[in-house]
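Shown next: work20.pdb, given as PDB, C-alpha atoms and all ligand atoms.
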ATOM      1  CA  MET A 225      -1.198  22.799 -25.620  1.00  0.00           C
ATOM      2  CA  LYS A 226      -2.683  21.310 -28.705  1.00  0.00           C
ATOM      3  CA  ALA A 227      -2.015  21.471 -32.359  1.00  0.00           C
ATOM      4  CA  LEU A 228       1.669  21.060 -33.000  1.00  0.00           C
ATOM      5  CA  ASP A 229       2.187  18.341 -30.500  1.00  0.00           C
ATOM      6  CA  GLU A 230      -0.398  16.423 -32.320  1.00  0.00           C
ATOM      7  CA  ASP A 231       1.664  15.421 -35.146  1.00  0.00           C
ATOM      8  CA  LEU A 232       4.161  13.753 -32.982  1.00  0.00           C
ATOM      9  CA  ASN A 233       4.390   9.999 -32.707  1.00  0.00           C
ATOM     10  CA  PRO A 234       5.380   8.665 -29.358  1.00  0.00           C
ATOM     11  CA  VAL A 235       8.787   7.154 -28.966  1.00  0.00           C
ATOM     12  CA  GLN A 236       9.132   5.378 -25.723  1.00  0.00           C
ATOM     13  CA  ARG A 237      12.164   6.347 -23.757  1.00  0.00           C
ATOM     14  CA  ASN A 238      14.599   3.651 -22.797  1.00  0.00           C
ATOM     15  CA  ARG A 239      12.671   1.157 -24.766  1.00  0.00           C
ATOM     16  CA  PRO A 240      14.705  -2.011 -25.340  1.00  0.00           C
ATOM     17  CA  THR A 241      15.474  -2.720 -28.974  1.00  0.00           C
ATOM     18  CA  HIS A 242      14.947  -5.762 -31.108  1.00  0.00           C
ATOM     19  CA  ASP A 243      12.465  -7.172 -28.690  1.00  0.00           C
ATOM     20  CA  GLY A 244       9.875  -7.993 -31.284  1.00  0.00           C
ATOM     21  CA  ALA A 245       7.390  -5.498 -29.860  1.00  0.00           C
ATOM     22  CA  PRO A 246       5.494  -3.239 -32.242  1.00  0.00           C
ATOM     23  CA  ASP A 247       7.501  -0.132 -32.789  1.00  0.00           C
ATOM     24  CA  PRO A 248       5.895   3.099 -31.715  1.00  0.00           C
ATOM     25  CA  LEU A 249       7.854   4.879 -34.412  1.00  0.00           C
ATOM     26  CA  VAL A 250       5.859   3.225 -37.103  1.00  0.00           C
ATOM     27  CA  GLY A 251       2.271   3.476 -38.097  1.00  0.00           C
ATOM     28  CA  ARG A 252       1.213   6.136 -35.663  1.00  0.00           C
ATOM     29  CA  GLY A 253       1.532   9.140 -37.880  1.00  0.00           C
ATOM     30  CA  ASN A 254       2.397  10.347 -41.312  1.00  0.00           C
ATOM     31  CA  SER A 255       5.801  10.242 -42.863  1.00  0.00           C
ATOM     32  CA  ARG A 256       6.496  13.892 -42.312  1.00  0.00           C
ATOM     33  CA  ALA A 257       6.323  13.835 -38.621  1.00  0.00           C
ATOM     34  CA  THR A 258       8.290  11.706 -36.338  1.00  0.00           C
ATOM     35  CA  THR A 259       7.834  12.112 -32.774  1.00  0.00           C
ATOM     36  CA  PHE A 260       8.627  11.984 -29.422  1.00  0.00           C
ATOM     37  CA  VAL A 261       7.157  11.580 -26.188  1.00  0.00           C
ATOM     38  CA  PRO A 262       7.986  10.864 -22.689  1.00  0.00           C
ATOM     39  CA  ASN A 263       9.014  12.759 -19.661  1.00  0.00           C
ATOM     40  CA  GLN A 264      11.320  15.065 -21.489  1.00  0.00           C
ATOM     41  CA  LEU A 265      11.371  18.704 -20.675  1.00  0.00           C
ATOM     42  CA  THR A 266      13.705  19.831 -23.356  1.00  0.00           C
ATOM     43  CA  GLN A 267      13.919  19.105 -27.020  1.00  0.00           C
ATOM     44  CA  LEU A 268      16.268  20.043 -29.743  1.00  0.00           C
ATOM     45  CA  LEU A 269      14.739  19.886 -33.168  1.00  0.00           C
ATOM     46  CA  PRO A 270      17.529  20.205 -35.637  1.00  0.00           C
ATOM     47  CA  VAL A 271      15.976  21.182 -38.844  1.00  0.00           C
ATOM     48  CA  ALA A 272      13.118  23.442 -38.954  1.00  0.00           C
ATOM     49  CA  ARG A 273       9.665  22.645 -40.229  1.00  0.00           C
ATOM     50  CA  CYS A 274       9.740  19.418 -38.402  1.00  0.00           C
ATOM     51  CA  LEU A 275       6.292  19.632 -36.945  1.00  0.00           C
ATOM     52  CA  PHE A 276       3.012  19.604 -38.741  1.00  0.00           C
ATOM     53  CA  PRO A 277      -0.421  19.499 -37.249  1.00  0.00           C
ATOM     54  CA  ARG A 278      -2.027  16.115 -37.308  1.00  0.00           C
ATOM     55  CA  PRO A 279      -4.800  15.768 -34.808  1.00  0.00           C
ATOM     56  CA  LYS A 280      -4.842  13.054 -32.195  1.00  0.00           C
ATOM     57  CA  VAL A 281      -1.395  11.624 -32.587  1.00  0.00           C
ATOM     58  CA  GLY A 282       0.503  12.291 -29.417  1.00  0.00           C
ATOM     59  CA  GLN A 283       1.430  15.205 -27.278  1.00  0.00           C
ATOM     60  CA  PHE A 284       4.309  16.706 -25.467  1.00  0.00           C
ATOM     61  CA  PRO A 285       4.297  15.289 -21.985  1.00  0.00           C
ATOM     62  CA  ASN A 286       5.013  18.670 -20.548  1.00  0.00           C
ATOM     63  CA  PRO A 287       2.885  21.717 -21.368  1.00  0.00           C
ATOM     64  CA  THR A 288       5.933  23.944 -21.392  1.00  0.00           C
ATOM     65  CA  PRO A 289       8.660  22.068 -23.225  1.00  0.00           C
ATOM     66  CA  SER A 290      11.891  23.864 -23.910  1.00  0.00           C
ATOM     67  CA  ILE A 291      12.539  23.650 -27.648  1.00  0.00           C
ATOM     68  CA  ALA A 292      15.499  24.644 -29.771  1.00  0.00           C
ATOM     69  CA  LEU A 293      15.305  24.691 -33.567  1.00  0.00           C
ATOM     70  CA  VAL A 294      18.425  24.317 -35.668  1.00  0.00           C
ATOM     71  CA  ASP A 295      18.749  24.779 -39.413  1.00  0.00           C
ATOM     72  CA  LEU A 296      21.082  26.038 -42.072  1.00  0.00           C
ATOM     73  CA  ASN A 297      18.204  27.832 -43.724  1.00  0.00           C
ATOM     74  CA  PRO A 298      17.025  30.986 -41.923  1.00  0.00           C
ATOM     75  CA  ASN A 299      13.665  30.901 -43.720  1.00  0.00           C
ATOM     76  CA  SER A 300      12.879  27.444 -42.385  1.00  0.00           C
ATOM     77  CA  LEU A 301      13.907  28.528 -38.931  1.00  0.00           C
ATOM     78  CA  GLU A 302      11.720  31.586 -39.022  1.00  0.00           C
ATOM     79  CA  TYR A 303       8.743  29.704 -40.397  1.00  0.00           C
ATOM     80  CA  THR A 304       8.919  27.015 -37.757  1.00  0.00           C
ATOM     81  CA  ALA A 305       9.573  29.417 -34.923  1.00  0.00           C
ATOM     82  CA  GLN A 306       6.425  31.271 -35.963  1.00  0.00           C
ATOM     83  CA  ARG A 307       4.461  28.054 -36.251  1.00  0.00           C
ATOM     84  CA  ILE A 308       5.293  27.001 -32.708  1.00  0.00           C
ATOM     85  CA  HIS A 309       5.680  30.423 -31.177  1.00  0.00           C
ATOM     86  CA  ARG A 310       3.504  29.426 -28.243  1.00  0.00           C
ATOM     87  CA  TYR A 311       6.402  27.271 -27.044  1.00  0.00           C
ATOM     88  CA  GLN A 312       8.809  30.179 -27.399  1.00  0.00           C
ATOM     89  CA  PRO A 313      11.485  28.111 -29.138  1.00  0.00           C
ATOM     90  CA  THR A 314      15.039  29.290 -29.431  1.00  0.00           C
ATOM     91  CA  THR A 315      16.489  29.181 -32.925  1.00  0.00           C
ATOM     92  CA  LEU A 316      20.004  28.458 -34.051  1.00  0.00           C
ATOM     93  CA  PHE A 317      21.262  29.105 -37.540  1.00  0.00           C
ATOM     94  CA  ALA A 318      24.010  26.501 -37.777  1.00  0.00           C
ATOM     95  CA  ASP A 319      25.578  23.725 -39.787  1.00  0.00           C
ATOM     96  CA  ILE A 320      24.847  20.354 -38.270  1.00  0.00           C
ATOM     97  CA  PHE A 321      28.250  19.088 -39.432  1.00  0.00           C
ATOM     98  CA  GLN A 322      29.840  21.399 -36.862  1.00  0.00           C
ATOM     99  CA  PRO A 323      29.610  21.217 -33.078  1.00  0.00           C
ATOM    100  CA  LEU A 324      26.575  23.304 -32.155  1.00  0.00           C
ATOM    101  CA  PRO A 325      27.164  26.311 -29.928  1.00  0.00           C
ATOM    102  CA  LEU A 326      24.389  25.516 -27.456  1.00  0.00           C
ATOM    103  CA  GLU A 327      24.771  25.579 -23.713  1.00  0.00           C
ATOM    104  CA  SER A 328      21.676  23.538 -22.938  1.00  0.00           C
ATOM    105  CA  THR A 329      21.467  19.813 -23.222  1.00  0.00           C
ATOM    106  CA  PHE A 330      18.346  17.973 -24.286  1.00  0.00           C
ATOM    107  CA  ASP A 331      16.228  14.953 -23.528  1.00  0.00           C
ATOM    108  CA  SER A 332      15.314  14.404 -27.149  1.00  0.00           C
ATOM    109  CA  ILE A 333      16.665  15.410 -30.512  1.00  0.00           C
ATOM    110  CA  GLY A 334      14.730  14.948 -33.731  1.00  0.00           C
ATOM    111  CA  ILE A 335      16.310  14.837 -37.170  1.00  0.00           C
ATOM    112  CA  ASN A 336      13.536  14.084 -39.587  1.00  0.00           C
ATOM    113  CA  TYR A 337      14.448  13.882 -43.257  1.00  0.00           C
ATOM    114  CA  LEU A 338      17.778  15.522 -42.686  1.00  0.00           C
ATOM    115  CA  LEU A 339      20.400  12.861 -43.416  1.00  0.00           C
ATOM    116  CA  HIS A 340      19.451  12.242 -47.038  1.00  0.00           C
ATOM    117  CA  CYS A 341      19.885  15.958 -47.723  1.00  0.00           C
ATOM    118  CA  LEU A 342      23.408  16.065 -46.357  1.00  0.00           C
ATOM    119  CA  PRO A 343      26.403  15.723 -48.662  1.00  0.00           C
ATOM    120  CA  GLY A 344      28.467  12.550 -48.374  1.00  0.00           C
ATOM    121  CA  ASN A 345      29.453   9.430 -50.280  1.00  0.00           C
ATOM    122  CA  ASN A 346      27.347   7.318 -47.989  1.00  0.00           C
ATOM    123  CA  ILE A 347      25.594   7.586 -44.653  1.00  0.00           C
ATOM    124  CA  LEU A 348      28.793   6.704 -42.763  1.00  0.00           C
ATOM    125  CA  SER A 349      30.290   9.975 -43.890  1.00  0.00           C
ATOM    126  CA  LYS A 350      27.419  11.708 -42.057  1.00  0.00           C
ATOM    127  CA  SER A 351      28.255  10.041 -38.761  1.00  0.00           C
ATOM    128  CA  VAL A 352      29.740  13.267 -37.422  1.00  0.00           C
ATOM    129  CA  VAL A 353      26.196  14.617 -37.184  1.00  0.00           C
ATOM    130  CA  PHE A 354      25.423  11.999 -34.538  1.00  0.00           C
ATOM    131  CA  ARG A 355      28.627  12.778 -32.691  1.00  0.00           C
ATOM    132  CA  ASN A 356      27.771  16.489 -32.612  1.00  0.00           C
ATOM    133  CA  LEU A 357      24.209  15.899 -31.488  1.00  0.00           C
ATOM    134  CA  LYS A 358      25.058  13.225 -28.959  1.00  0.00           C
ATOM    135  CA  ALA A 359      27.136  15.808 -27.118  1.00  0.00           C
ATOM    136  CA  LEU A 360      23.902  17.727 -26.536  1.00  0.00           C
ATOM    137  CA  LEU A 361      21.865  14.736 -25.401  1.00  0.00           C
ATOM    138  CA  ASN A 362      21.251  14.016 -21.736  1.00  0.00           C
ATOM    139  CA  ASP A 363      22.002  10.545 -20.449  1.00  0.00           C
ATOM    140  CA  GLY A 364      18.933   8.432 -21.132  1.00  0.00           C
ATOM    141  CA  GLY A 365      17.857  10.842 -23.865  1.00  0.00           C
ATOM    142  CA  VAL A 366      16.839   9.826 -27.358  1.00  0.00           C
ATOM    143  CA  ILE A 367      17.775  10.966 -30.815  1.00  0.00           C
ATOM    144  CA  PHE A 368      15.223  10.013 -33.427  1.00  0.00           C
ATOM    145  CA  GLY A 369      14.490  10.665 -37.047  1.00  0.00           C
ATOM    146  CA  THR A 370      13.693   9.516 -40.514  1.00  0.00           C
ATOM    147  CA  THR A 371      15.744   9.379 -43.677  1.00  0.00           C
ATOM    148  CA  ILE A 372      15.236   8.182 -47.223  1.00  0.00           C
ATOM    149  CA  LEU A 373      17.623   5.377 -48.093  1.00  0.00           C
ATOM    150  CA  GLY A 374      19.223   4.915 -51.486  1.00  0.00           C
ATOM    151  CA  GLN A 375      20.014   1.212 -51.524  1.00  0.00           C
ATOM    152  CA  GLY A 376      18.585  -2.014 -50.164  1.00  0.00           C
ATOM    153  CA  VAL A 377      15.031  -0.659 -50.151  1.00  0.00           C
ATOM    154  CA  SER A 378      12.393  -0.566 -52.824  1.00  0.00           C
ATOM    155  CA  HIS A 379      11.678   2.690 -54.608  1.00  0.00           C
ATOM    156  CA  ASN A 380       8.528   2.960 -56.649  1.00  0.00           C
ATOM    157  CA  PHE A 381       8.395   4.774 -59.965  1.00  0.00           C
ATOM    158  CA  PHE A 382       7.948   8.208 -58.431  1.00  0.00           C
ATOM    159  CA  ALA A 383      10.574   7.628 -55.771  1.00  0.00           C
ATOM    160  CA  ARG A 384      13.094   6.537 -58.417  1.00  0.00           C
ATOM    161  CA  LYS A 385      12.370   9.665 -60.425  1.00  0.00           C
ATOM    162  CA  LEU A 386      12.641  11.871 -57.345  1.00  0.00           C
ATOM    163  CA  MET A 387      15.879  10.196 -56.259  1.00  0.00           C
ATOM    164  CA  ARG A 388      17.424  10.668 -59.701  1.00  0.00           C
ATOM    165  CA  THR A 389      16.385  14.292 -60.044  1.00  0.00           C
ATOM    166  CA  TYR A 390      17.182  15.381 -56.497  1.00  0.00           C
ATOM    167  CA  ASN A 391      20.535  13.620 -56.409  1.00  0.00           C
ATOM    168  CA  ALA A 392      21.446  15.162 -59.776  1.00  0.00           C
ATOM    169  CA  LYS A 393      20.546  18.609 -58.447  1.00  0.00           C
ATOM    170  CA  GLY A 394      22.343  18.094 -55.137  1.00  0.00           C
ATOM    171  CA  ILE A 395      19.150  18.429 -53.111  1.00  0.00           C
ATOM    172  CA  PHE A 396      19.619  14.834 -51.926  1.00  0.00           C
ATOM    173  CA  ASP A 397      22.875  12.953 -51.546  1.00  0.00           C
ATOM    174  CA  ASN A 398      21.650   9.524 -50.571  1.00  0.00           C
ATOM    175  CA  THR A 399      22.338   7.221 -53.490  1.00  0.00           C
ATOM    176  CA  ASN A 400      24.578   5.015 -51.355  1.00  0.00           C
ATOM    177  CA  ASP A 401      22.776   5.392 -48.018  1.00  0.00           C
ATOM    178  CA  THR A 402      21.908   1.994 -46.549  1.00  0.00           C
ATOM    179  CA  ARG A 403      20.235   0.630 -43.462  1.00  0.00           C
ATOM    180  CA  GLU A 404      23.371  -1.372 -42.651  1.00  0.00           C
ATOM    181  CA  ASP A 405      25.511   1.755 -42.489  1.00  0.00           C
ATOM    182  CA  LEU A 406      22.896   3.583 -40.442  1.00  0.00           C
ATOM    183  CA  GLU A 407      22.970   0.697 -38.011  1.00  0.00           C
ATOM    184  CA  ILE A 408      26.777   0.866 -37.752  1.00  0.00           C
ATOM    185  CA  ILE A 409      26.485   4.513 -36.733  1.00  0.00           C
ATOM    186  CA  LEU A 410      23.721   3.950 -34.183  1.00  0.00           C
ATOM    187  CA  LYS A 411      25.559   0.997 -32.708  1.00  0.00           C
ATOM    188  CA  GLU A 412      28.701   3.074 -32.369  1.00  0.00           C
ATOM    189  CA  HIS A 413      27.073   6.039 -30.682  1.00  0.00           C
ATOM    190  CA  PHE A 414      24.178   4.736 -28.609  1.00  0.00           C
ATOM    191  CA  ARG A 415      23.488   2.378 -25.764  1.00  0.00           C
ATOM    192  CA  THR A 416      20.507   0.979 -27.592  1.00  0.00           C
ATOM    193  CA  TYR A 417      18.857   1.756 -30.883  1.00  0.00           C
ATOM    194  CA  ASP A 418      16.097   0.806 -33.254  1.00  0.00           C
ATOM    195  CA  ILE A 419      15.552   1.009 -36.988  1.00  0.00           C
ATOM    196  CA  GLN A 420      12.360   0.297 -38.894  1.00  0.00           C
ATOM    197  CA  ILE A 421      12.054   0.472 -42.651  1.00  0.00           C
ATOM    198  CA  VAL A 422       8.817   1.661 -44.224  1.00  0.00           C
ATOM    199  CA  GLY A 423       9.047   1.716 -47.998  1.00  0.00           C
ATOM    200  CA  CYS A 424      12.318   3.477 -48.719  1.00  0.00           C
ATOM    201  CA  VAL A 425      12.342   5.388 -45.432  1.00  0.00           C
ATOM    202  CA  ALA A 426      14.281   4.402 -42.322  1.00  0.00           C
ATOM    203  CA  PHE A 427      12.691   5.393 -39.003  1.00  0.00           C
ATOM    204  CA  PHE A 428      15.393   5.299 -36.375  1.00  0.00           C
ATOM    205  CA  ALA A 429      16.039   6.066 -32.745  1.00  0.00           C
ATOM    206  CA  GLY A 430      19.097   5.831 -30.526  1.00  0.00           C
ATOM    207  CA  TRP A 431      19.102   6.060 -26.723  1.00  0.00           C
ATOM    208  CA  LYS A 432      22.132   7.443 -24.917  1.00  0.00           C
TER
HETATM  209  C1  LIG B   1      13.909  17.894 -46.123  1.00  0.00           C
HETATM  210  S1  LIG B   1      14.060  19.206 -44.925  1.00  0.00           S
HETATM  211  C2  LIG B   1      13.340  18.405 -43.548  1.00  0.00           C
HETATM  212  C3  LIG B   1      12.649  19.375 -42.704  1.00  0.00           C
HETATM  213  C4  LIG B   1      11.855  18.816 -41.528  1.00  0.00           C
HETATM  214  N1  LIG B   1      12.680  18.102 -40.584  1.00  0.00           N
HETATM  215  C5  LIG B   1      10.683  17.998 -41.950  1.00  0.00           C
HETATM  216  O1  LIG B   1      10.619  16.823 -41.616  1.00  0.00           O
HETATM  217  O2  LIG B   1       9.797  18.534 -42.648  1.00  0.00           O
HETATM  218  C6  LIG B   1      15.795  19.214 -44.565  1.00  0.00           C
HETATM  219  C7  LIG B   1      16.227  20.416 -43.755  1.00  0.00           C
HETATM  220  O3  LIG B   1      17.609  20.235 -43.420  1.00  0.00           O
HETATM  221  C8  LIG B   1      18.225  21.495 -43.445  1.00  0.00           C
HETATM  222  N2  LIG B   1      19.672  21.275 -43.600  1.00  0.00           N
HETATM  223  C9  LIG B   1      20.311  20.796 -44.696  1.00  0.00           C
HETATM  224  N3  LIG B   1      21.628  20.727 -44.481  1.00  0.00           N
HETATM  225  C10 LIG B   1      21.825  21.170 -43.214  1.00  0.00           C
HETATM  226  C11 LIG B   1      22.987  21.343 -42.414  1.00  0.00           C
HETATM  227  N4  LIG B   1      24.208  21.036 -42.865  1.00  0.00           N
HETATM  228  N5  LIG B   1      22.843  21.822 -41.156  1.00  0.00           N
HETATM  229  C12 LIG B   1      21.595  22.137 -40.679  1.00  0.00           C
HETATM  230  N6  LIG B   1      20.467  21.985 -41.396  1.00  0.00           N
HETATM  231  C13 LIG B   1      20.576  21.523 -42.651  1.00  0.00           C
HETATM  232  C14 LIG B   1      17.573  22.185 -44.623  1.00  0.00           C
HETATM  233  O4  LIG B   1      17.744  23.577 -44.578  1.00  0.00           O
HETATM  234  C15 LIG B   1      16.135  21.744 -44.473  1.00  0.00           C
HETATM  235  O5  LIG B   1      15.395  22.640 -43.665  1.00  0.00           O
END
Could you spell out this file's structure in structure tokens?
Amino acid sequence: MKALDEDLNPVQRNRPTHDGAPDPLVGRGNSRATTFVPNQLTQLLPVARCLFPRPKVGQFPNPTPSIALVDLNPNSLEYTAQRIHRYQPTTLFADIFQPLPLESTFDSIGINYLLHCLPGNNILSKSVVFRNLKALLNDGGVIFGTTILGQGVSHNFFARKLMRTYNAKGIFDNTNDTREDLEIILKEHFRTYDIQIVGCVAFFAGWK
């Protein structure tokens, strides 16, 4: 098992938050790939195309992880399923705003760059996503991800242009998304959580 796993950054399971320790979510990989690590056998990766090769950045701890891919876009699902076919992922064409019809539960769930694409006045209105996914998370499991924030972070020239254009087109809906609201959600749903801001992106994790 090589390749795909390698663009995953380790997230330490059950890691205490706000302890001042360097965060494994940050600085270990590129912005496209969040990650995951430890002892988990099963993963749910809502949103296809979540994994890109990036040599020497982490691995699945188990050579035969059980992976489910979820997306509203069948093309993304198909592409990603092909890309990681060696893991024989299951795919689910579904809306993340609805409870997901999956019988398995998971040790980790990754939602990279999903939240800013979802419709809603602010990130609080997307809280239902966490409720739906938490139902699929094993005790001690982690949900992790990244999202582009709209307020309280600095956007450079290109980011401002992208935000304006994508929000106008409805590709993004994150103008009012803030770290504070993300924290309210994580606090509500998880035993412990962490958020790190890099540029205008929030890297987050919540442990059940
Ligand atoms: C910006 S892409 C991120 C893809 C991937 N996680 C990555 O990091 O490259 C956002 C994905 O969210 C999916 N998506 C948007 N709304 C969704 C919804 N309501 N339910 C499930 N997936 C959704 C889109 O189809 C798209 O594949």
Excluding segment 320-330 of chain A and residues on its chain fewer than 6 positions from it, collect all residues at most 12 Å away from it, counting only C-alpha atoms, and give them as a ChimeraX atom specification. /A:263-271,289-297,314,338-339,341-344,349-367,432
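The shortest atom-to-atom distance to Asn345 of chain A, with all atoms listed in the file taken into account, belongs to A:Thr399 out of A:Gln306, A:Asn391, A:Thr399, A:Asn286.
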Measuring between all atoms listed in the file, which one of A:Pro287, A:Gly423, A:Gly334, A:Pro313 shows the shortest distance to Val377 of chain A?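 Among the listed residues, the smallest separation from Val377 of chain A belongs to A:Gly423.
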Restricting to only C-alpha atoms and all ligand atoms, whichever of A:Asp397, A:Asp418, A:Asp319, A:Glu302 is closest to ligand LIG 1 (chain B) is A:Asp319
Selection: 12 Å around Ile421 of chain A, only C-alpha atoms, excl. self and same-chain fewer than 3 positions, as a count of residues only: 25
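Residue nearest ligand LIG 1 (chain B), chosen from A:Thr416, A:Asn336, A:Thr315, A:Asn299 and counting all atoms listed in the file: A:Asn336.
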Apply the PyMOL selection byres (((chain A and resi 387) around 10) and not hetatm) to the file shown and report the selected residues as JSON, numbers by chain. {"A": [372, 373, 374, 379, 381, 382, 383, 384, 385, 386, 388, 389, 390, 391, 392, 393, 395, 396, 397, 398, 399]}
Just want the 7 Å neighbourhood of Phe414 of chain A, counted on all atoms listed in the file, with same-chain residues fewer than 2 positions away dropped. Output as a list in words.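 Selected residues are Leu410, Lys411, Glu412, Thr416, Tyr417, Gly430, Trp431 and Lys432 of chain A.
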Interatomic distance (Å, one decimal) between atom CA of Ala318 of chain A and atom C12 of ligand LIG 1 (chain B):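 The value is 5.8 Å.
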Have a look at A:Gly394, A:Asp331, A:Ile408, A:Leu348 and name the one nearest to ligand LIG 1 (chain B); count all atoms listed in the file. A:Gly394
Calculated over all atoms listed in the file, which of the candidates A:Phe368, A:Gln420, A:His309, A:Asp401 has the smallest distance to ligand LIG 1 (chain B)?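 Of all the options, A:Phe368 lies closest to ligand LIG 1 (chain B).
Atom pair atom CA of Tyr337 of chain A / atom N1 of ligand LIG 1 (chain B) has a distance of 5.3 Å (rounded to one decimal).
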Correct to one decimal, the distance atom C9 of ligand LIG 1 (chain B)-atom CA of Arg310 of chain A is 25.1 Å
